[in-house]
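Asker: One file: input-v6.cif (mmCIF, C-alpha atoms).
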```cif
data_data
loop_
_atom_site.label_atom_id
_atom_site.label_comp_id
_atom_site.auth_asym_id
_atom_site.auth_seq_id
_atom_site.Cartn_x
_atom_site.Cartn_y
_atom_site.Cartn_z
CA MET A 1 30.97 -17.18 2.73
CA ASN A 2 29.73 -15.75 6.06
CA GLU A 3 26.59 -13.66 6.40
CA GLY A 4 28.47 -10.38 6.72
CA LYS A 5 30.39 -10.91 3.51
CA ALA A 6 27.22 -12.00 1.71
CA SER A 7 25.55 -8.73 2.65
CA GLU A 8 28.51 -6.87 1.12
CA ASN A 9 28.15 -8.79 -2.15
CA PRO A 10 26.19 -6.63 -4.65
CA GLU A 11 24.65 -9.70 -6.28
CA SER A 12 23.40 -11.08 -2.96
CA ARG A 13 22.20 -7.65 -1.85
CA PHE A 14 20.13 -7.30 -5.00
CA SER A 15 18.68 -10.82 -4.70
CA VAL A 16 17.59 -10.18 -1.11
CA ALA A 17 16.04 -6.83 -2.07
CA LEU A 18 14.18 -8.39 -5.01
CA VAL A 19 12.71 -11.23 -2.96
CA SER A 20 11.76 -8.85 -0.15
CA ALA A 21 10.03 -6.50 -2.60
CA ALA A 22 8.14 -9.40 -4.19
CA ARG A 23 6.70 -10.24 -0.77
CA LEU A 24 5.33 -6.76 -0.12
CA PRO A 25 1.50 -6.44 -0.16
CA GLY A 26 0.12 -5.30 -3.51
CA VAL A 27 3.33 -5.87 -5.48
CA ARG A 28 2.26 -8.98 -7.37
CA ILE A 29 -0.01 -8.23 -10.33
CA HIS A 30 -2.90 -10.56 -11.16
CA ARG A 31 -2.36 -11.10 -14.88
CA GLU A 32 -5.97 -11.71 -15.95
CA ALA A 33 -7.46 -8.85 -13.94
CA TYR A 34 -4.78 -6.46 -15.13
CA LEU A 35 -5.12 -7.31 -18.83
CA ARG A 36 -8.90 -6.96 -18.70
CA LYS A 37 -8.64 -3.53 -17.10
CA ALA A 38 -5.70 -2.25 -19.16
CA LEU A 39 -7.16 -3.30 -22.53
CA ALA A 40 -10.80 -2.35 -21.84
CA ARG A 41 -10.42 1.12 -23.36
CA TYR A 42 -8.77 -0.07 -26.55
CA CYS A 43 -9.93 -3.59 -27.46
CA SER A 44 -13.07 -5.58 -28.17
CA ASP A 45 -14.40 -8.17 -25.72
CA ASP A 46 -13.24 -10.95 -28.02
CA GLU A 47 -9.72 -9.55 -28.27
CA ILE A 48 -9.53 -9.23 -24.49
CA ARG A 49 -10.79 -12.79 -24.02
CA VAL A 50 -8.09 -14.21 -26.32
CA ALA A 51 -5.44 -11.95 -24.74
CA VAL A 52 -6.28 -13.38 -21.32
CA GLU A 53 -6.66 -17.01 -22.40
CA GLU A 54 -3.57 -16.90 -24.63
CA THR A 55 -1.59 -13.65 -25.13
CA PRO A 56 -2.22 -10.15 -26.51
CA ALA A 57 -0.07 -11.12 -29.51
CA ALA A 58 -2.25 -14.18 -30.16
CA ALA A 59 -5.28 -11.88 -30.07
CA GLY A 60 -3.72 -9.89 -32.92
CA ILE A 61 -3.54 -6.70 -30.85
CA SER A 62 -1.16 -4.25 -32.49
CA VAL A 63 1.92 -2.95 -30.69
CA ASP A 64 0.56 0.60 -31.10
CA VAL A 65 -2.48 -0.30 -29.02
CA LEU A 66 -0.34 -2.08 -26.44
CA ASP A 67 1.90 0.99 -26.24
CA LYS A 68 -1.10 3.14 -25.26
CA ALA A 69 -2.05 0.73 -22.48
CA ALA A 70 1.59 0.55 -21.37
CA ASN A 71 1.88 4.33 -21.19
CA ASP A 72 -1.26 4.45 -19.02
CA SER A 73 0.32 2.00 -16.60
CA ILE A 74 3.65 3.82 -16.56
CA ARG A 75 1.92 7.13 -15.74
CA PHE A 76 -0.05 5.50 -12.92
CA GLU A 77 2.93 3.76 -11.33
CA THR A 78 5.23 6.78 -11.71
CA THR A 79 2.74 9.09 -10.00
CA LYS A 80 2.21 6.60 -7.19
CA VAL A 81 5.87 5.83 -6.48
CA SER A 82 6.85 9.53 -6.67
CA ALA A 83 4.13 10.51 -4.17
CA LEU A 84 5.21 7.79 -1.73
CA SER A 85 8.86 8.80 -2.09
CA ALA A 86 7.98 12.43 -1.38
CA ALA A 87 6.02 11.40 1.71
CA ALA A 88 9.03 9.45 2.96
CA GLY A 89 11.14 12.61 2.69
CA LEU A 90 8.94 14.71 4.99
CA PRO A 91 10.45 13.74 8.40
CA GLY A 92 14.02 14.74 7.50
CA PHE A 93 17.43 13.68 8.82
CA MET A 94 16.37 12.14 12.14
CA ALA A 95 14.15 9.58 10.40
CA LEU A 96 16.69 8.53 7.74
CA PRO A 97 17.47 5.09 9.27
CA ALA A 98 13.80 4.17 8.86
CA THR A 99 12.66 6.14 5.81
CA VAL A 100 15.49 5.31 3.38
CA PRO A 101 15.19 1.50 3.57
CA ALA A 102 11.40 1.76 3.44
CA ASP A 103 11.53 4.09 0.44
CA LEU A 104 13.99 1.84 -1.38
CA ALA A 105 11.75 -1.18 -0.71
CA GLN A 106 8.64 0.53 -2.07
CA TYR A 107 10.66 1.82 -5.04
CA PHE A 108 11.74 -1.73 -5.87
CA GLY A 109 8.18 -2.90 -5.31
CA HIS A 110 6.91 -0.43 -7.90
CA MET A 111 9.65 -1.46 -10.29
CA LEU A 112 8.36 -5.01 -9.93
CA ARG A 113 4.78 -3.84 -10.50
CA ILE A 114 5.56 -2.05 -13.77
CA ALA A 115 7.83 -4.89 -14.93
CA GLN A 116 4.94 -7.36 -14.53
CA LYS A 117 2.41 -5.07 -16.21
CA LEU A 118 4.64 -4.45 -19.22
CA ALA A 119 5.54 -8.13 -19.46
CA TYR A 120 1.88 -9.19 -19.55
CA LEU A 121 0.97 -6.57 -22.15
CA TYR A 122 3.81 -7.70 -24.41
CA SER A 123 2.84 -11.40 -24.14
CA TRP A 124 5.12 -12.78 -21.43
CA PRO A 125 3.61 -15.55 -19.26
CA ASP A 126 2.41 -15.21 -15.67
CA LEU A 127 5.50 -14.54 -13.55
CA PHE A 128 3.89 -15.37 -10.20
CA ALA A 129 1.59 -18.26 -11.02
CA ASP A 130 1.32 -19.52 -7.43
CA ASP A 131 0.08 -17.75 -4.31
CA GLY A 132 3.11 -18.53 -2.14
CA ASP A 133 5.69 -16.02 -0.93
CA ASP A 134 8.59 -17.79 -2.63
CA VAL A 135 9.94 -16.66 -5.99
CA ASP A 136 11.16 -19.51 -8.19
CA ASP A 137 14.60 -19.34 -9.78
CA ALA A 138 13.36 -18.80 -13.34
CA THR A 139 11.17 -15.87 -12.26
CA MET A 140 14.07 -14.44 -10.27
CA GLY A 141 16.22 -14.73 -13.37
CA VAL A 142 13.87 -13.00 -15.78
CA LEU A 143 13.01 -10.24 -13.27
CA THR A 144 16.72 -9.64 -12.75
CA LEU A 145 17.12 -9.24 -16.50
CA PHE A 146 14.12 -6.87 -16.63
CA PHE A 147 15.74 -4.75 -13.90
CA GLY A 148 18.96 -4.84 -15.89
CA VAL A 149 17.15 -3.47 -18.93
CA MET A 150 15.63 -0.73 -16.77
CA PHE A 151 19.09 0.17 -15.47
CA GLY A 152 20.41 0.33 -19.05
CA THR A 153 22.69 -2.71 -19.31
CA GLN A 154 23.25 -3.99 -22.84
CA THR A 155 23.92 -7.54 -21.66
CA ALA A 156 20.45 -7.64 -20.09
CA ASN A 157 18.91 -6.33 -23.32
CA ALA A 158 20.50 -9.13 -25.31
CA ALA A 159 19.53 -11.78 -22.77
CA VAL A 160 15.87 -10.69 -22.60
CA GLY A 161 15.74 -10.72 -26.40
CA LYS A 162 17.18 -14.23 -26.43
CA VAL A 163 14.66 -15.53 -23.89
CA ALA A 164 11.78 -13.93 -25.83
CA GLU A 165 13.04 -15.49 -29.06
CA MET A 166 13.25 -18.94 -27.45
CA MET A 167 9.70 -18.69 -26.12
CA ALA A 168 8.31 -17.35 -29.41
CA LYS A 169 9.82 -20.25 -31.38
CA GLN A 170 8.51 -22.87 -28.98
CA VAL A 171 5.15 -21.11 -28.47
CA ALA A 172 5.89 -21.62 -24.77
CA LYS A 173 3.52 -20.52 -22.02
CA LYS A 174 6.15 -20.78 -19.29
CA LEU A 175 9.59 -19.32 -18.75
CA PRO A 176 12.49 -21.47 -20.00
CA GLN A 177 13.59 -22.85 -16.62
CA LYS A 178 16.82 -24.49 -17.75
CA ALA A 179 18.13 -21.54 -19.75
CA LEU A 180 17.50 -19.11 -16.89
CA THR A 181 18.82 -21.28 -14.05
CA LYS A 182 21.54 -23.48 -15.53
CA GLY A 183 21.97 -22.72 -19.24
CA VAL A 184 23.46 -19.96 -21.37
CA ILE A 185 21.38 -17.17 -19.82
CA TYR A 186 22.30 -17.94 -16.20
CA PRO A 187 25.81 -16.35 -16.20
CA VAL A 188 24.28 -13.17 -17.62
CA VAL A 189 21.66 -13.15 -14.85
CA LYS A 190 24.40 -13.29 -12.20
CA LYS A 191 26.38 -10.53 -13.89
CA VAL A 192 23.32 -8.29 -14.17
CA ALA A 193 22.38 -8.94 -10.52
CA ALA A 194 25.85 -7.77 -9.43
CA TYR A 195 25.58 -4.62 -11.55
CA VAL A 196 22.11 -3.70 -10.29
CA GLY A 197 23.21 -4.41 -6.71
CA ALA A 198 26.02 -1.87 -7.12
CA GLU A 199 23.58 0.66 -8.59
CA MET A 200 21.31 0.09 -5.57
CA THR A 201 24.09 1.31 -3.30
CA LYS A 202 24.38 4.52 -5.31
CA GLN A 203 20.61 5.09 -5.19
CA THR A 204 20.53 4.50 -1.44
CA PHE A 205 23.16 7.20 -0.95
CA ALA A 206 21.33 9.63 -3.28
CA LYS A 207 18.03 9.07 -1.47
CA SER A 208 19.72 9.58 1.92
CA VAL A 209 21.03 12.96 0.80
CA SER A 210 17.69 14.01 -0.73
CA LYS A 211 15.81 13.27 2.51
CA ALA A 212 18.21 14.99 4.90
CA ILE A 213 16.29 18.29 5.13
CA PRO A 214 12.68 18.10 6.40
CA VAL A 215 9.91 19.17 3.98
CA VAL A 216 12.42 20.31 1.33
CA GLY A 217 13.65 16.75 1.25
CA ALA A 218 10.17 15.60 0.30
CA ALA A 219 10.17 17.67 -2.91
CA VAL A 220 13.71 16.64 -3.80
CA SER A 221 13.05 12.97 -3.07
CA GLY A 222 9.82 12.91 -5.09
CA THR A 223 11.47 14.68 -8.02
CA LEU A 224 14.47 12.33 -7.94
CA THR A 225 12.19 9.29 -7.96
CA PHE A 226 10.15 10.67 -10.87
CA ALA A 227 13.32 11.49 -12.82
CA THR A 228 14.67 7.94 -12.46
CA TYR A 229 11.61 5.70 -12.41
CA ARG A 230 9.79 6.92 -15.53
CA PRO A 231 12.78 6.66 -17.95
CA MET A 232 13.58 3.20 -16.58
CA ALA A 233 10.02 2.02 -17.17
CA LYS A 234 10.05 3.52 -20.67
CA ARG A 235 13.31 1.72 -21.40
CA LEU A 236 11.81 -1.64 -20.48
CA LYS A 237 8.63 -0.90 -22.41
CA LYS A 238 10.55 -0.14 -25.61
CA HIS A 239 12.64 -3.29 -25.31
CA LEU A 240 9.70 -5.61 -24.65
CA ALA A 241 7.66 -4.01 -27.44
CA ASP A 242 10.46 -4.77 -29.91
CA SER A 243 10.79 -8.44 -28.89
CA GLU A 244 9.54 -11.45 -30.83
CA LEU A 245 6.86 -12.23 -28.25
CA ALA A 246 5.09 -8.90 -28.79
CA LYS A 247 4.55 -9.33 -32.52
CA PRO A 248 0.85 -9.93 -33.24
CA THR A 249 -0.10 -13.32 -34.61
CA TYR A 250 -3.42 -14.11 -36.22
CA ARG A 251 -5.25 -17.35 -35.69
CA ILE A 252 -6.30 -19.24 -38.82
CA VAL A 253 -9.86 -20.49 -38.58
CA VAL A 254 -10.41 -23.63 -40.65
CA VAL A 255 -13.87 -23.76 -42.19
CA GLU A 256 -15.40 -26.79 -43.85
CA ALA A 257 -15.61 -26.60 -47.66
CA GLU A 258 -19.39 -27.08 -47.57
CA ASP A 259 -19.82 -24.08 -45.25
CA VAL A 260 -17.67 -21.92 -47.49
CA HIS A 261 -19.64 -23.01 -50.58
CA GLU A 262 -23.00 -22.38 -48.93
CA SER A 263 -21.90 -19.01 -47.65
CA PHE A 264 -20.64 -18.01 -51.08
CA VAL A 265 -23.85 -19.11 -52.81
CA ALA A 266 -25.99 -17.21 -50.31
CA GLU A 267 -23.96 -14.02 -50.67
CA HIS A 268 -23.92 -14.40 -54.46
CA ALA A 269 -27.71 -14.84 -54.50
CA GLU A 270 -28.30 -11.76 -52.38
CA SER A 271 -26.01 -9.74 -54.63
CA ARG A 272 -27.77 -10.79 -57.81
CA ALA A 273 -31.21 -10.29 -56.26
CA SER A 274 -30.36 -6.75 -55.28
CA GLU A 275 -29.51 -6.03 -58.90
CA GLY A 276 -32.97 -7.22 -59.96
CA THR A 277 -31.62 -10.26 -61.72
CA ALA A 278 -33.49 -13.56 -61.42
CA LEU A 279 -31.41 -16.53 -60.47
CA THR A 280 -32.12 -19.83 -62.12
CA ALA A 281 -30.64 -23.15 -61.27
CA GLU A 282 -28.42 -24.47 -64.01
CA ARG A 283 -29.69 -27.79 -65.34
CA PRO A 284 -27.43 -30.36 -66.98
CA ARG A 285 -27.67 -30.28 -70.72
CA SER A 286 -29.34 -33.26 -72.43
CA SER A 287 -27.16 -35.03 -74.90
#
```
Do you think you could lay out the structure here as structure tokens?
Answerer:
Amino acid sequence: MNEGKASENPESRFSVALVSAARLPGVRIHREAYLRKALARYCSDDEIRVAVEETPAAAGISVDVLDKAANDSIRFETTKVSALSAAAGLPGFMALPATVPADLAQYFGHMLRIAQKLAYLYSWPDLFADDGDDVDDATMGVLTLFFGVMFGTQTANAAVGKVAEMMAKQVAKKLPQKALTKGVIYPVVKKVAAYVGAEMTKQTFAKSVSKAIPVVGAAVSGTLTFATYRPMAKRLKKHLADSELAKPTYRIVVVEAEDVHESFVAEHAESRASEGTALTAERPRSS
């Protein structure tokens, strides 16, 4: 396949856009820093520590609490991407060749930002563990599925649920490489990439029209971005919150029998003493 035909392929067009967006400054979210900041308002220091070292689910953080943190992030990213989209619409028709591609790139970049934030809140592993510009195939696969969920494809919903179930059963801290790149999930990834690539073409046209008139185009472009981005982020949030990975799990602390006995005796003694009852050690009866 030559380069021209590849650029016409919706799947290839989406893959190129995704990789390009992942390389933009500020797009990649530092998992630990984000979780500490996002959970600070709602969780104890110990819960945050476990959430960072393991996962929010392992810390026993309820989905209700995670939903509050997720909504905060969705509001922040929606406001930011809408403002940038409105700014791109100010110049009008003459600047379309430059503003539309740039706006689409920053739109995809903000989709990547909210996808990472929601994934980390709902106990998915670090998607960009290294500092390089490259995106590995498994990360590409799962991000493609996340975008599919945001665009409302049922096949992506089922595939994300399957991946989450696999990781929950194996208590895995990494994405299932084989399933996403060669196994049963891979054909779905390719199908979703083609669908999202086709939807990209529609969005590019819509953004071109919205930016055609100077100043007025700014308001229309910002409104259009707000009207599409927020529901898409909410859709992904709901799906991730319902997955197996997000369900809180509670660690079982094993305590030595002697410690339990001593603790019980001490508490029992304090209780009896507060009632004004003298405690006497029980002596063995003489025969």
Asker: For the PyMOL selection byres ((chain A and resi 180-183) around 9), applied here, can you spell out every residue it catches as a ChimeraX atom specification?
Answerer: /A:137-142,163,175-179,184-187,189
Asker: Could you state the separation of atom CA of A:Gly197 and atom CA of A:Glu77 in Å, given to one decimal place?
Answerer: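 Spanning atom CA of A:Gly197 to atom CA of A:Glu77 is a straight-line distance of 22.3 Å.
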Asker: Where's the centre, and what are the edge lengths in Å to one decimal, of a box along x, y and z enclosing all listed atoms of stretch 179-189 of chain A padded 3 Å per side, as JSON?
Answerer:
```
{"center_x": 21.7, "center_y": -18.3, "center_z": -17.7, "size_x": 14.3, "size_y": 16.3, "size_z": 13.3}
```
Asker: Quick one: distance from atom CA of A:Ala159 to atom CA of A:Val50 in Å, one decimal?
Answerer: 28.0 Å
Asker: So which one's closest to A:Arg230, A:Lys68, A:Arg36, A:Lys80, A:Arg75? Using only C-alpha atoms, please.
Answerer: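 Closest residue, counting only C-alpha atoms: A:Arg75.
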Asker: Identify all residues satisfying the PyMOL selection byres ((chain A and resi 51) around 9) in the given file; provide them as a PyMOL selection string.
Answerer: chain A and resi 32+35-36+46-50+52-61+121+123
Asker: Just want the 12 Å neighbourhood of A:Ser243, counted on all atoms listed in the file, with same-chain residues fewer than 5 positions away dropped. Output as a list in words.
Answerer: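 Skipping anything fewer than 5 positions along the chain leaves Ala57, Val63, Ala119, Tyr122, Ser123, Trp124, Asn157, Ala158, Ala159, Val160, Gly161, Lys162, Val163, Ala164, Glu165, Met166, Met167, Ala168, Leu236, Lys237, Lys238 and Pro248 of chain A.
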Asker: Which value, in Å to one decimal, gives the distance between atom CA of A:Ser12 and atom CA of A:Leu112?
Answerer: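 Atom CA of A:Ser12 sits 17.7 Å away from atom CA of A:Leu112.
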Asker: Would you please work out which residue, of A:Thr153, A:His110, A:Ala70, A:Leu145, is nearest to A:Ala83 when using all atoms listed in the file?
Answerer: A:His110
Asker: Give the answer as one residue: which of A:Ala105, A:Val171, A:Leu240, A:Leu84 has the shortest atom-to-atom distance to A:Val16, using only C-alpha atoms?
Answerer: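 Going through A:Ala105, A:Val171, A:Leu240, A:Leu84 one by one, the smallest distance to A:Val16 is for A:Ala105.
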Asker: Run the PyMOL selection byres ((chain A and resi 113) around 10) on the file and write out the hits as a ChimeraX atom specification.
Answerer: /A:21-22,26-29,73-74,77,107-112,114-119
Asker: Give the answer as one residue: which of A:Thr144, A:Gly152, A:Lys169, A:Glu11 has the shortest atom-to-atom distance to A:Pro231, using all atoms listed in the file?
Answerer: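 Going through A:Thr144, A:Gly152, A:Lys169, A:Glu11 one by one, the smallest distance to A:Pro231 is for A:Gly152.
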Asker: Between A:Ala40, A:Val19, A:Met150, A:Val81, single out the one closest to A:Arg235, counting only C-alpha atoms.
Answerer: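 Closest to A:Arg235, using only C-alpha atoms: A:Met150.
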Asker: Could you check which of A:Asn9, A:Gln170, A:Thr228, A:Ser82 is closest to A:Ala194, using only C-alpha atoms?
Answerer: A:Asn9
